[in-house]
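Colleague: Below is my_file.txt; it holds compact mmCIF, C-alpha atoms.
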```txt
# COMPACT_ATOMS: atom_id res chain seq x y z
CA MET A 67 183.03 27.17 118.27
CA PRO A 68 180.62 30.12 118.40
CA LYS A 69 179.76 31.44 121.83
CA GLY A 70 176.32 31.28 123.34
CA GLY A 71 175.29 27.66 123.21
CA LEU A 72 171.56 26.99 123.11
CA ARG A 73 169.42 25.68 125.96
CA ILE A 74 167.62 22.58 124.70
CA ALA A 75 165.07 20.30 126.38
CA MET A 76 164.42 16.73 125.22
CA VAL A 77 160.94 15.64 126.31
CA THR A 78 160.06 11.96 126.06
CA THR A 79 158.39 8.98 127.68
CA PHE A 80 161.38 6.64 127.38
CA TYR A 81 165.03 7.38 128.07
CA PRO A 82 167.80 4.93 129.07
CA PRO A 83 167.71 2.88 131.17
CA PHE A 84 163.91 3.34 131.14
CA ASN A 85 163.49 2.35 127.49
CA PHE A 86 162.63 -0.63 125.31
CA GLY A 87 163.78 0.22 121.81
CA GLY A 88 165.56 2.56 119.50
CA ASP A 89 163.80 5.84 120.26
CA GLY A 90 165.39 6.18 123.71
CA ILE A 91 168.83 5.45 122.27
CA TYR A 92 168.28 7.97 119.46
CA ILE A 93 167.34 10.70 121.95
CA GLN A 94 170.34 9.90 124.12
CA ARG A 95 172.67 10.09 121.13
CA LEU A 96 171.23 13.40 119.97
CA ALA A 97 171.34 14.88 123.48
CA GLN A 98 174.96 13.80 123.94
CA ALA A 99 175.98 15.12 120.51
CA LEU A 100 174.47 18.53 121.28
CA SER A 101 175.92 18.61 124.78
CA ALA A 102 179.39 17.73 123.45
CA ARG A 103 179.20 20.85 121.27
CA GLY A 104 178.72 23.11 124.26
CA HIS A 105 174.93 23.37 124.42
CA HIS A 106 173.00 23.03 127.65
CA VAL A 107 170.75 20.00 127.21
CA GLU A 108 168.26 18.65 129.74
CA VAL A 109 166.15 15.51 129.42
CA ILE A 110 162.63 15.46 130.85
CA HIS A 111 161.07 12.02 130.83
CA ASP A 112 158.41 9.97 132.54
CA THR A 113 159.32 6.70 134.25
CA ASP A 114 155.72 5.64 134.88
CA GLY A 115 155.17 4.16 131.44
CA TYR A 116 158.28 2.01 131.55
CA ARG A 117 157.61 0.85 135.10
CA THR A 118 154.04 -0.07 134.17
CA LEU A 119 154.92 -1.94 130.98
CA SER A 120 158.07 -3.69 132.21
CA GLY A 121 157.22 -4.25 135.86
CA THR A 122 160.72 -3.09 136.77
CA ALA A 123 162.33 0.12 138.01
CA PRO A 124 166.02 0.29 137.07
CA GLU A 125 168.39 2.32 139.19
CA ALA A 126 169.37 5.51 137.41
CA SER A 127 171.20 8.73 138.11
CA ASP A 128 169.71 12.19 137.66
CA ARG A 129 172.50 12.93 135.21
CA ASP A 130 173.65 11.33 131.98
CA GLY A 131 177.21 12.58 131.82
CA ASP A 132 176.87 16.37 131.68
CA ILE A 133 173.14 16.18 130.94
CA PRO A 134 170.61 16.71 133.76
CA VAL A 135 167.84 14.10 133.55
CA HIS A 136 164.48 14.82 135.20
CA ARG A 137 162.92 11.40 135.79
CA MET A 138 159.30 11.95 136.79
CA GLN A 139 157.72 9.27 138.94
CA ALA A 140 154.21 8.93 140.33
CA GLY A 141 153.20 6.93 143.36
CA ASN A 142 150.89 4.82 141.20
CA ALA A 143 152.61 4.35 137.84
CA LEU A 144 149.71 2.46 136.27
CA LEU A 145 147.09 5.10 137.03
CA SER A 146 149.43 7.90 136.00
CA SER A 147 150.11 6.28 132.61
CA LEU A 148 146.49 5.29 132.06
CA ALA A 149 145.32 8.87 132.68
CA VAL A 150 147.60 10.20 129.93
CA GLN A 151 146.76 7.32 127.61
CA GLN A 152 143.03 8.00 127.97
CA LEU A 153 142.97 11.80 128.04
CA GLY A 154 145.87 12.69 125.75
CA ARG A 155 147.27 15.33 128.08
CA PRO A 156 149.49 15.55 131.18
CA VAL A 157 147.65 14.71 134.38
CA VAL A 158 149.69 13.64 137.43
CA HIS A 159 152.85 15.41 136.27
CA ALA A 160 151.16 18.46 134.73
CA LYS A 161 152.36 20.95 137.35
CA GLU A 162 155.92 19.61 137.27
CA LEU A 163 156.05 19.73 133.47
CA LYS A 164 154.77 23.31 133.37
CA SER A 165 157.43 24.35 135.85
CA LEU A 166 160.27 22.56 134.05
CA LEU A 167 159.37 23.90 130.61
CA ALA A 168 158.35 27.47 131.48
CA ASP A 169 160.66 30.08 129.91
CA ARG A 170 163.83 28.03 130.39
CA PHE A 171 164.75 26.79 126.92
CA ASP A 172 165.53 28.10 123.46
CA VAL A 173 164.37 24.78 121.98
CA ILE A 174 161.90 22.22 123.32
CA HIS A 175 162.25 18.99 121.37
CA PHE A 176 159.45 16.45 121.88
CA HIS A 177 159.94 12.80 120.99
CA ASN A 178 157.82 9.83 122.14
CA ILE A 179 155.17 11.66 124.18
CA SER A 180 152.60 8.85 124.27
CA LEU A 181 152.68 8.40 128.05
CA ILE A 182 154.29 11.61 129.27
CA GLY A 183 151.57 13.93 128.01
CA GLY A 184 150.03 13.00 124.68
CA PRO A 185 149.20 15.81 122.22
CA GLY A 186 148.23 18.04 125.14
CA ILE A 187 151.87 18.44 126.15
CA TRP A 188 152.71 20.35 122.97
CA LYS A 189 151.24 23.55 124.43
CA TYR A 190 153.60 23.45 127.43
CA GLY A 191 156.61 25.72 127.58
CA SER A 192 158.01 28.40 125.32
CA GLY A 193 160.75 28.51 122.71
CA ILE A 194 161.22 26.80 119.37
CA LYS A 195 159.23 23.55 119.45
CA LEU A 196 160.21 20.46 117.48
CA HIS A 197 158.73 16.97 117.47
CA THR A 198 160.41 13.84 116.08
CA ALA A 199 158.09 11.02 115.05
CA HIS A 200 159.91 7.81 115.99
CA GLU A 201 156.84 5.69 115.22
CA HIS A 202 153.37 6.23 113.75
CA TRP A 203 151.84 7.08 117.13
CA MET A 204 150.27 10.34 115.90
CA VAL A 205 148.05 8.42 113.47
CA CYS A 206 147.90 4.91 115.00
CA PRO A 207 146.96 3.87 118.55
CA THR A 208 149.23 0.81 118.28
CA HIS A 209 152.05 3.00 116.88
CA ILE A 210 152.99 0.61 114.03
CA LEU A 211 150.12 0.55 111.48
CA TRP A 212 149.91 -3.23 111.86
CA ARG A 213 146.19 -4.03 111.75
CA ASP A 214 144.78 -6.80 113.95
CA ASN A 215 148.35 -7.99 114.58
CA ARG A 216 148.42 -9.71 111.19
CA GLU A 217 148.60 -7.26 108.26
CA ILE A 218 149.57 -3.78 107.12
CA CYS A 219 146.89 -1.21 107.88
CA ASP A 220 145.36 0.46 104.83
CA LYS A 221 142.35 2.11 106.48
CA ARG A 222 141.17 2.95 109.98
CA ARG A 223 139.51 0.20 111.96
CA CYS A 224 141.07 1.20 115.25
CA LEU A 225 138.66 -0.07 117.92
CA ARG A 226 138.81 -3.68 116.81
CA CYS A 227 142.56 -3.44 116.22
CA MET A 228 143.22 -2.09 119.73
CA MET A 229 141.25 -4.98 121.18
CA VAL A 230 143.34 -7.48 119.23
CA HIS A 231 146.52 -5.75 120.41
CA ARG A 232 145.11 -5.77 123.97
CA ARG A 233 145.33 -2.02 124.43
CA PRO A 234 142.67 0.10 126.11
CA PRO A 235 140.72 2.26 123.64
CA GLN A 236 141.85 5.88 123.91
CA LEU A 237 139.12 8.44 124.50
CA TRP A 238 141.04 11.34 122.97
CA ARG A 239 141.45 9.56 119.63
CA ALA A 240 137.71 9.92 119.06
CA THR A 241 138.51 13.60 118.47
CA ASP A 242 140.93 15.34 116.09
CA MET A 243 143.18 16.23 119.02
CA VAL A 244 146.49 15.60 117.24
CA ASN A 245 145.73 18.05 114.45
CA SER A 246 144.08 20.60 116.75
CA GLU A 247 147.12 20.69 119.07
CA ALA A 248 149.77 20.42 116.33
CA HIS A 249 149.85 24.19 115.79
CA HIS A 250 151.84 24.47 119.03
CA VAL A 251 154.76 22.72 117.31
CA ASP A 252 156.94 24.67 114.90
CA ARG A 253 158.37 21.74 113.00
CA PHE A 254 157.53 18.02 112.84
CA LEU A 255 160.61 15.98 111.99
CA MET A 256 160.25 12.68 110.11
CA LEU A 257 163.05 10.14 109.84
CA SER A 258 162.06 9.13 106.29
CA ARG A 259 159.85 10.20 103.41
CA ALA A 260 157.89 6.98 103.84
CA SER A 261 157.01 7.93 107.41
CA ALA A 262 155.87 11.39 106.30
CA ASP A 263 153.79 9.85 103.52
CA ASN A 264 152.08 7.46 105.94
CA HIS A 265 151.27 10.27 108.35
CA ARG A 266 149.75 12.33 105.57
CA ARG A 267 147.81 9.35 104.22
CA PHE A 268 146.25 8.71 107.64
CA GLY A 269 145.17 12.30 108.15
CA PHE A 270 148.04 14.17 109.80
CA LYS A 271 147.84 17.70 108.42
CA ALA A 272 150.78 19.64 109.86
CA PRO A 273 153.86 20.43 107.73
CA MET A 274 156.68 17.90 108.01
CA THR A 275 160.43 18.00 107.36
CA ILE A 276 162.72 15.02 106.79
CA PHE A 277 165.45 14.89 109.43
CA PRO A 278 167.76 11.86 109.31
CA SER A 279 169.01 9.52 111.96
CA PHE A 280 172.73 9.08 112.65
CA LEU A 281 175.35 7.08 114.49
CA PRO A 282 177.60 8.86 117.01
CA LYS A 283 180.95 10.09 115.78
CA ALA A 284 182.75 7.86 118.27
CA GLU A 285 181.06 4.82 116.71
CA ALA A 286 181.27 5.88 113.06
CA ASP A 287 184.51 4.13 112.06
CA ALA A 288 184.28 0.63 110.65
CA SER A 289 185.28 -2.13 113.05
CA ALA A 290 188.97 -2.93 113.15
CA GLY A 291 190.60 -6.21 112.29
CA PRO A 292 190.70 -8.51 109.28
CA GLU A 293 187.58 -10.20 108.01
CA THR A 294 187.09 -13.63 109.56
CA VAL A 295 187.13 -16.56 107.16
CA HIS A 296 183.98 -18.68 107.43
CA ASP A 297 183.27 -22.09 105.94
CA ARG A 298 180.26 -20.73 104.08
CA PRO A 299 179.03 -17.18 103.39
CA PHE A 300 176.31 -16.01 105.74
CA ILE A 301 173.41 -13.58 105.57
CA LEU A 302 172.79 -11.70 108.82
CA PHE A 303 169.55 -10.64 110.50
CA VAL A 304 169.70 -8.32 113.52
CA GLY A 305 166.62 -7.28 115.48
CA ARG A 306 163.66 -8.30 117.57
CA LEU A 307 162.16 -11.67 116.76
CA GLU A 308 158.57 -10.59 116.24
CA ILE A 309 156.01 -11.52 113.61
CA ILE A 310 156.18 -8.04 112.06
CA LYS A 311 159.90 -8.42 111.30
CA GLY A 312 159.21 -10.99 108.57
CA LEU A 313 161.85 -13.66 109.26
CA GLN A 314 159.21 -16.32 108.63
CA ASP A 315 159.52 -15.41 104.95
CA VAL A 316 163.31 -15.87 104.97
CA ILE A 317 163.96 -19.04 106.97
CA PRO A 318 162.23 -21.46 104.52
CA LEU A 319 164.59 -20.33 101.73
CA PHE A 320 167.64 -21.68 103.55
CA ASP A 321 167.44 -25.24 102.35
CA ASP A 322 170.27 -27.47 101.15
CA ASN A 323 170.40 -25.57 97.85
CA MET A 324 171.08 -22.18 99.40
CA PRO A 325 174.82 -21.35 99.10
CA ALA A 326 174.81 -19.41 102.37
CA GLU A 327 173.76 -19.66 105.99
CA LEU A 328 171.31 -17.42 107.83
CA TRP A 329 172.60 -16.07 111.14
CA ILE A 330 169.96 -14.53 113.39
CA ALA A 331 171.01 -12.15 116.19
CA GLY A 332 168.18 -11.20 118.53
CA SER A 333 165.35 -12.49 120.66
CA GLY A 334 161.63 -11.85 121.03
CA ASN A 335 158.11 -13.13 121.43
CA TYR A 336 158.06 -14.90 118.05
CA GLU A 337 161.31 -16.76 118.62
CA SER A 338 159.77 -20.14 119.49
CA GLU A 339 157.73 -20.15 116.27
CA LEU A 340 160.78 -19.19 114.21
CA ARG A 341 162.84 -21.93 115.83
CA ARG A 342 160.11 -24.42 115.00
CA LEU A 343 160.15 -23.21 111.41
CA ALA A 344 163.94 -23.70 111.29
CA GLU A 345 163.88 -27.29 112.55
CA GLY A 346 165.77 -29.55 110.16
CA ARG A 347 167.51 -26.59 108.53
CA PRO A 348 171.16 -26.71 109.64
CA ARG A 349 171.97 -23.58 107.65
CA VAL A 350 169.90 -21.44 110.03
CA ARG A 351 171.67 -20.36 113.23
CA PHE A 352 170.11 -18.55 116.18
CA LEU A 353 172.78 -16.51 117.95
CA GLY A 354 170.63 -14.88 120.65
CA ARG A 355 171.12 -11.27 121.65
CA LYS A 356 174.59 -9.94 121.05
CA PRO A 357 176.33 -6.81 122.34
CA MET A 358 177.30 -4.25 119.72
CA SER A 359 180.97 -5.16 120.20
CA GLU A 360 180.17 -8.61 118.75
CA LEU A 361 177.54 -7.41 116.28
CA ARG A 362 179.99 -5.15 114.51
CA ALA A 363 182.20 -8.09 113.51
CA LEU A 364 179.11 -10.00 112.35
CA TYR A 365 177.98 -7.04 110.24
CA ARG A 366 181.46 -6.74 108.76
CA ASP A 367 181.78 -10.42 107.82
CA ALA A 368 178.26 -10.94 106.45
CA ALA A 369 177.67 -11.17 102.70
CA ALA A 370 174.57 -9.03 103.29
CA VAL A 371 172.12 -8.01 106.00
CA VAL A 372 168.49 -8.98 105.42
CA THR A 373 165.71 -6.65 106.60
CA PRO A 374 162.40 -8.35 105.67
CA SER A 375 159.98 -6.33 107.83
CA ARG A 376 156.32 -6.85 106.96
CA CYS A 377 155.27 -3.59 108.62
CA TYR A 378 156.11 0.06 107.98
CA GLU A 379 159.44 0.82 109.60
CA VAL A 380 160.19 4.49 110.24
CA PHE A 381 163.96 4.25 109.79
CA PRO A 382 165.73 1.12 111.08
CA MET A 383 169.10 1.66 112.71
CA VAL A 384 170.25 -1.74 111.42
CA VAL A 385 170.68 -0.08 108.00
CA LEU A 386 173.20 2.42 109.35
CA GLU A 387 174.97 -0.30 111.34
CA ALA A 388 175.32 -2.42 108.18
CA PHE A 389 176.46 0.49 106.00
CA ARG A 390 179.01 1.52 108.61
CA GLU A 391 180.67 -1.87 108.10
CA SER A 392 180.40 -1.62 104.27
CA THR A 393 177.82 -4.41 104.12
CA PRO A 394 174.84 -4.22 101.72
CA ILE A 395 171.23 -4.82 102.70
CA ILE A 396 168.47 -6.98 101.22
CA ALA A 397 165.21 -5.25 102.07
CA ARG A 398 161.53 -5.69 101.44
CA ALA A 399 160.26 -3.00 99.07
CA LEU A 400 158.20 -1.38 101.81
CA GLY A 401 158.38 1.67 104.05
CA PRO A 402 161.69 3.58 103.90
CA TYR A 403 163.70 0.87 102.12
CA PRO A 404 162.97 1.90 98.51
CA GLU A 405 164.15 5.45 99.22
CA ILE A 406 167.23 4.13 101.05
CA ILE A 407 168.27 1.90 98.14
CA GLU A 408 167.45 4.61 95.58
CA GLU A 409 169.55 7.14 97.51
CA THR A 410 172.52 4.86 98.19
CA GLY A 411 172.74 1.90 95.82
CA GLY A 412 173.69 -0.03 98.95
CA GLY A 413 171.60 -3.15 98.43
CA MET A 414 168.70 -4.90 96.74
CA LEU A 415 164.93 -4.82 97.18
CA PHE A 416 162.49 -7.70 96.99
CA SER A 417 158.73 -7.98 96.71
CA SER A 418 158.38 -11.75 96.36
CA GLY A 419 159.98 -14.94 97.58
CA GLU A 420 161.63 -15.44 94.19
CA GLU A 421 163.19 -11.98 94.29
CA LEU A 422 164.38 -12.55 97.84
CA ARG A 423 166.00 -15.89 96.95
CA ALA A 424 167.71 -14.33 93.93
CA ALA A 425 169.17 -11.51 96.04
CA LEU A 426 170.38 -13.92 98.72
CA VAL A 427 172.09 -16.13 96.15
CA ARG A 428 173.73 -13.22 94.32
CA TYR A 429 175.34 -11.72 97.40
CA ALA A 430 176.36 -15.18 98.67
CA THR A 431 178.04 -16.15 95.39
CA GLU A 432 179.33 -12.79 94.12
CA PRO A 433 181.63 -11.30 96.77
CA ALA A 434 182.69 -8.53 94.39
CA LEU A 435 179.07 -7.39 94.09
CA SER A 436 178.68 -7.51 97.88
CA ALA A 437 181.83 -5.40 98.28
CA GLN A 438 180.71 -2.92 95.60
CA ASP A 439 177.23 -2.36 97.06
CA GLY A 440 178.62 -2.33 100.60
CA ALA A 441 181.08 0.41 99.61
CA ALA A 442 178.18 2.42 98.17
CA GLY A 443 176.36 2.05 101.48
CA ARG A 444 179.41 3.22 103.41
CA ALA A 445 179.83 6.27 101.17
CA ALA A 446 176.18 7.17 101.74
CA PHE A 447 176.62 6.72 105.48
CA ASP A 448 179.43 9.28 105.51
CA ARG A 449 177.47 11.67 103.28
CA LEU A 450 174.02 11.44 104.86
CA TRP A 451 174.08 9.89 108.33
CA SER A 452 177.29 10.94 110.05
CA GLU A 453 176.95 12.90 113.29
CA ASP A 454 178.46 16.15 112.02
CA VAL A 455 176.22 16.24 108.96
CA VAL A 456 173.05 15.59 110.93
CA VAL A 457 173.83 17.97 113.79
CA GLU A 458 174.53 20.74 111.27
CA GLN A 459 171.10 20.12 109.78
CA TYR A 460 169.58 20.31 113.26
CA PHE A 461 170.83 23.85 113.76
CA ASP A 462 169.77 24.83 110.27
CA ILE A 463 166.23 23.75 111.15
CA VAL A 464 166.27 25.70 114.41
CA ALA A 465 167.63 28.78 112.63
CA ASP A 466 165.01 28.54 109.89
CA VAL A 467 162.18 28.28 112.43
CA ALA A 468 163.59 31.16 114.48
CA ASP A 469 163.82 33.35 111.36
CA GLY A 470 160.20 32.58 110.58
CA LYS A 471 159.18 33.70 114.07
CA GLY A 472 161.21 36.88 113.93
CA GLN A 473 163.72 35.67 116.53
CA THR A 474 166.74 36.96 114.66
CA ASP A 475 169.20 36.68 117.55
CA LEU A 476 168.34 33.02 118.15
CA ALA A 477 168.47 32.36 114.41
CA ALA A 478 171.95 33.88 114.17
CA ARG A 479 173.18 31.87 117.13
CA ALA A 480 171.75 28.63 115.76
CA ARG A 481 173.06 29.25 112.26
CA ALA A 482 176.53 29.85 113.65
CA PHE A 483 176.48 26.23 114.83
CA GLY A 484 175.05 24.91 111.56
CA ARG A 485 176.12 25.02 107.96
CA GLY A 486 174.50 28.35 107.23
CA ALA A 487 172.71 26.78 104.25
CA ASP A 488 169.07 27.26 103.38
CA ILE A 489 166.83 24.26 104.09
CA THR A 490 163.70 23.13 102.38
CA PRO A 491 160.61 24.92 103.76
CA PRO A 492 158.48 22.48 105.79
CA GLU A 493 155.47 22.58 103.50
CA HIS A 494 157.60 21.21 100.65
CA ALA A 495 159.93 18.85 102.48
CA ALA A 496 157.64 15.84 102.74
```
In structure tokens, how does this file's structure come out?
Modeller:
Amino acid sequence: MPKGGLRIAMVTTFYPPFNFGGDGIYIQRLAQALSARGHHVEVIHDTDGYRTLSGTAPEASDRDGDIPVHRMQAGNALLSSLAVQQLGRPVVHAKELKSLLADRFDVIHFHNISLIGGPGIWKYGSGIKLHTAHEHWMVCPTHILWRDNREICDKRRCLRCMMVHRRPPQLWRATDMVNSEAHHVDRFLMLSRASADNHRRFGFKAPMTIFPSFLPKAEADASAGPETVHDRPFILFVGRLEIIKGLQDVIPLFDDNMPAELWIAGSGNYESELRRLAEGRPRVRFLGRKPMSELRALYRDAAAVVTPSRCYEVFPMVVLEAFRESTPIIARALGPYPEIIEETGGGMLFSSGEELRAALVRYATEPALSAQDGAAGRAAFDRLWSEDVVVEQYFDIVADVADGKGQTDLAARARAFGRGADITPPEHAA
């Protein structure tokens, strides 16, 4: 490995165990992958947001393996978080953040900054600056472009929507603060073309580059063991049981004429309504939350994985988890799913109930088709979303930015860790 590993900071609101969803896990995986390759990685994150929203404060070390973790904590978590949420800049932790980020890193990589500093944090520190958009926070105060908690957002009506979502209106969103502060960031990284398109459509003006998600190398092999024989084929859903995930459109299709069962792994606020909808439908099973050790066997044995989200996903990890086990997906033709299916051939899309039923029946009754499309998904996983491939792209991006800023030594060091290939300039990538 080339000498002279880079010094990299990951800056985020949520980081395990202070996290709710996939963004914290993504950051942890990326930090660990970079650290394992000899780079000095530090995580800087704010615990106030998690403590305020969850009402809990998990015990946590100041290290994650070899990675130092700076867990900032205010005496009054609610006021600290509310100040950032309202003003869009660091407040209570401003001095600490300036000290941590000042002239210490080659790369500062921002992630979910909603409650650690808002757009105002982008000006902090020196070095190459990246920002990964894990949600639509930069263009949506509820982060998910789900208007009034009932439909996809197609135009701004933010004040009313925030009230429906029970979130305090944000003063800084009355300005163009995101775009005015975006010049501090060298490259905005989007997990899918669909996410980049949505950001552009809702007024985000900075250049964007597509940078994929991945699963860690240690978890990349398909699960071991023979496939379990089941009495009837099953379609698998994995995820939070929320209205935006769209299971209410799937459950009614599993009547006595459906040649498969629906197995649902997960829990959430919409679970009671979904259970009510499934009453009298013995082919619908609720499994509750399952650890990944059990989920992997379920992914492997399923005829297909259904992903019926009604909202704009950014890039769902369930796709990679299904493809890893050579299982195809059945996805709503929305958000990143059309580009995923176009790129991989690893599943089917639907736009109506009839199309969904047809896809469910085909995979349930044609195991050869399920195996064929699942194999295509697995091949795409190895080609596009394996750890080595994605980490190489990471260093290519850093090298390209460094070249553009005249930092030839940093560019050479970064390129030595990457593939050495040219990447698409940011203004053309999205």
Colleague: Which residues are close to A:Ser180, i.e. within 12 Å by only C-alpha atoms, leaving aside same-chain residues fewer than 6 positions away? Reply as a ChimeraX atom specification.
Modeller: /A:77-80,111-112,114-116,147-156,186-188,199-209,236,238,244
Colleague: Quick one: everything within 7 Å of stretch 464-478 of chain A, counting all atoms listed in the file, minus sequence neighbours fewer than 3 positions away in the same chain. Send it as a list in words.
Modeller: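 Close residues of stretch 464-478 of chain A: Ile194, Asp252, Tyr460, Phe461, Arg481 and Ala482 of chain A.
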Colleague: Using all atoms listed in the file, can you tell me which of A:Pro278, A:Pro404, A:Gly184, A:Pro325 comes closest to A:Phe416?
Modeller: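 Ranked by minimum distance to A:Phe416, first place goes to A:Pro404.
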Colleague: Report as a list in words all protein, DNA and RNA residues lying within 12 Å of A:Glu405, evaluated on all atoms listed in the file, omitting residues in the same chain fewer than 3 positions from it.
Modeller: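 Skipping anything fewer than 3 positions along the chain leaves Leu257, Ser258, Arg259, Ala260, Ser261, Val380, Phe381, Ala397, Arg398, Ala399, Leu400, Gly401, Pro402, Glu408, Glu409, Thr410, Gly411, Gly412, Gly413, Met414 and Leu415 of chain A.
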Colleague: Quick one: distance from atom CA of A:Ser392 to atom CA of A:Arg366 in Å, one decimal?
Modeller: 6.9 Å
Colleague: Export stretch 83-143 of chain A of the preceding structure, keeping C-alpha atoms, as an mmCIF file, in the first residue's frame.
Modeller:
```
data_model
loop_
_atom_site.group_PDB
_atom_site.id
_atom_site.type_symbol
_atom_site.label_atom_id
_atom_site.label_comp_id
_atom_site.auth_asym_id
_atom_site.auth_seq_id
_atom_site.Cartn_x
_atom_site.Cartn_y
_atom_site.Cartn_z
ATOM 1 C CA PRO A 83 -24.928 3.988 18.810
ATOM 2 C CA PHE A 84 -26.423 7.501 18.566
ATOM 3 C CA ASN A 85 -28.304 6.839 15.332
ATOM 4 C CA PHE A 86 -31.731 5.848 14.048
ATOM 5 C CA GLY A 87 -31.263 4.699 10.475
ATOM 6 C CA GLY A 88 -28.958 3.890 7.643
ATOM 7 C CA ASP A 89 -26.899 7.071 7.420
ATOM 8 C CA GLY A 90 -25.030 6.386 10.671
ATOM 9 C CA ILE A 91 -24.285 2.824 9.574
ATOM 10 C CA TYR A 92 -23.098 4.044 6.157
ATOM 11 C CA ILE A 93 -20.689 6.525 7.774
ATOM 12 C CA GLN A 94 -19.378 3.884 10.145
ATOM 13 C CA ARG A 95 -18.762 1.478 7.273
ATOM 14 C CA LEU A 96 -16.963 4.094 5.208
ATOM 15 C CA ALA A 97 -14.861 5.236 8.162
ATOM 16 C CA GLN A 98 -13.876 1.656 8.990
ATOM 17 C CA ALA A 99 -13.064 0.851 5.355
ATOM 18 C CA LEU A 100 -10.769 3.876 5.105
ATOM 19 C CA SER A 101 -9.176 3.199 8.479
ATOM 20 C CA ALA A 102 -8.512 -0.440 7.527
ATOM 21 C CA ARG A 103 -6.490 0.842 4.555
ATOM 22 C CA GLY A 104 -4.132 2.787 6.790
ATOM 23 C CA HIS A 105 -5.744 6.226 6.782
ATOM 24 C CA HIS A 106 -6.237 8.256 9.939
ATOM 25 C CA VAL A 107 -9.986 8.730 10.311
ATOM 26 C CA GLU A 108 -11.753 10.654 13.057
ATOM 27 C CA VAL A 109 -15.505 10.972 13.575
ATOM 28 C CA ILE A 110 -16.951 14.235 14.889
ATOM 29 C CA HIS A 111 -20.607 13.977 15.792
ATOM 30 C CA ASP A 112 -23.242 15.605 17.939
ATOM 31 C CA THR A 113 -25.137 13.550 20.516
ATOM 32 C CA ASP A 114 -27.656 16.286 21.337
ATOM 33 C CA GLY A 115 -29.971 15.536 18.430
ATOM 34 C CA TYR A 116 -30.213 11.840 19.203
ATOM 35 C CA ARG A 117 -30.696 12.439 22.922
ATOM 36 C CA THR A 118 -33.434 14.971 22.206
ATOM 37 C CA LEU A 119 -35.315 12.833 19.686
ATOM 38 C CA SER A 120 -34.948 9.466 21.418
ATOM 39 C CA GLY A 121 -34.983 10.510 25.062
ATOM 40 C CA THR A 122 -32.076 8.147 25.696
ATOM 41 C CA ALA A 123 -28.307 8.443 26.021
ATOM 42 C CA PRO A 124 -26.561 5.164 25.158
ATOM 43 C CA GLU A 125 -23.205 4.379 26.681
ATOM 44 C CA ALA A 126 -20.463 4.741 24.106
ATOM 45 C CA SER A 127 -16.695 4.768 23.924
ATOM 46 C CA ASP A 128 -14.632 7.606 22.496
ATOM 47 C CA ARG A 129 -13.202 5.146 20.002
ATOM 48 C CA ASP A 130 -14.728 2.886 17.366
ATOM 49 C CA GLY A 131 -11.961 0.354 16.947
ATOM 50 C CA ASP A 132 -8.979 2.398 15.750
ATOM 51 C CA ILE A 133 -11.152 5.438 15.005
ATOM 52 C CA PRO A 134 -11.299 8.325 17.515
ATOM 53 C CA VAL A 135 -14.897 9.491 17.971
ATOM 54 C CA HIS A 136 -15.563 13.003 19.283
ATOM 55 C CA ARG A 137 -19.073 12.857 20.769
ATOM 56 C CA MET A 138 -20.155 16.419 21.495
ATOM 57 C CA GLN A 139 -22.684 16.879 24.270
ATOM 58 C CA ALA A 140 -24.375 19.990 25.618
ATOM 59 C CA GLY A 141 -25.850 20.404 29.062
ATOM 60 C CA ASN A 142 -29.253 21.090 27.523
ATOM 61 C CA ALA A 143 -29.585 18.848 24.471
#
```
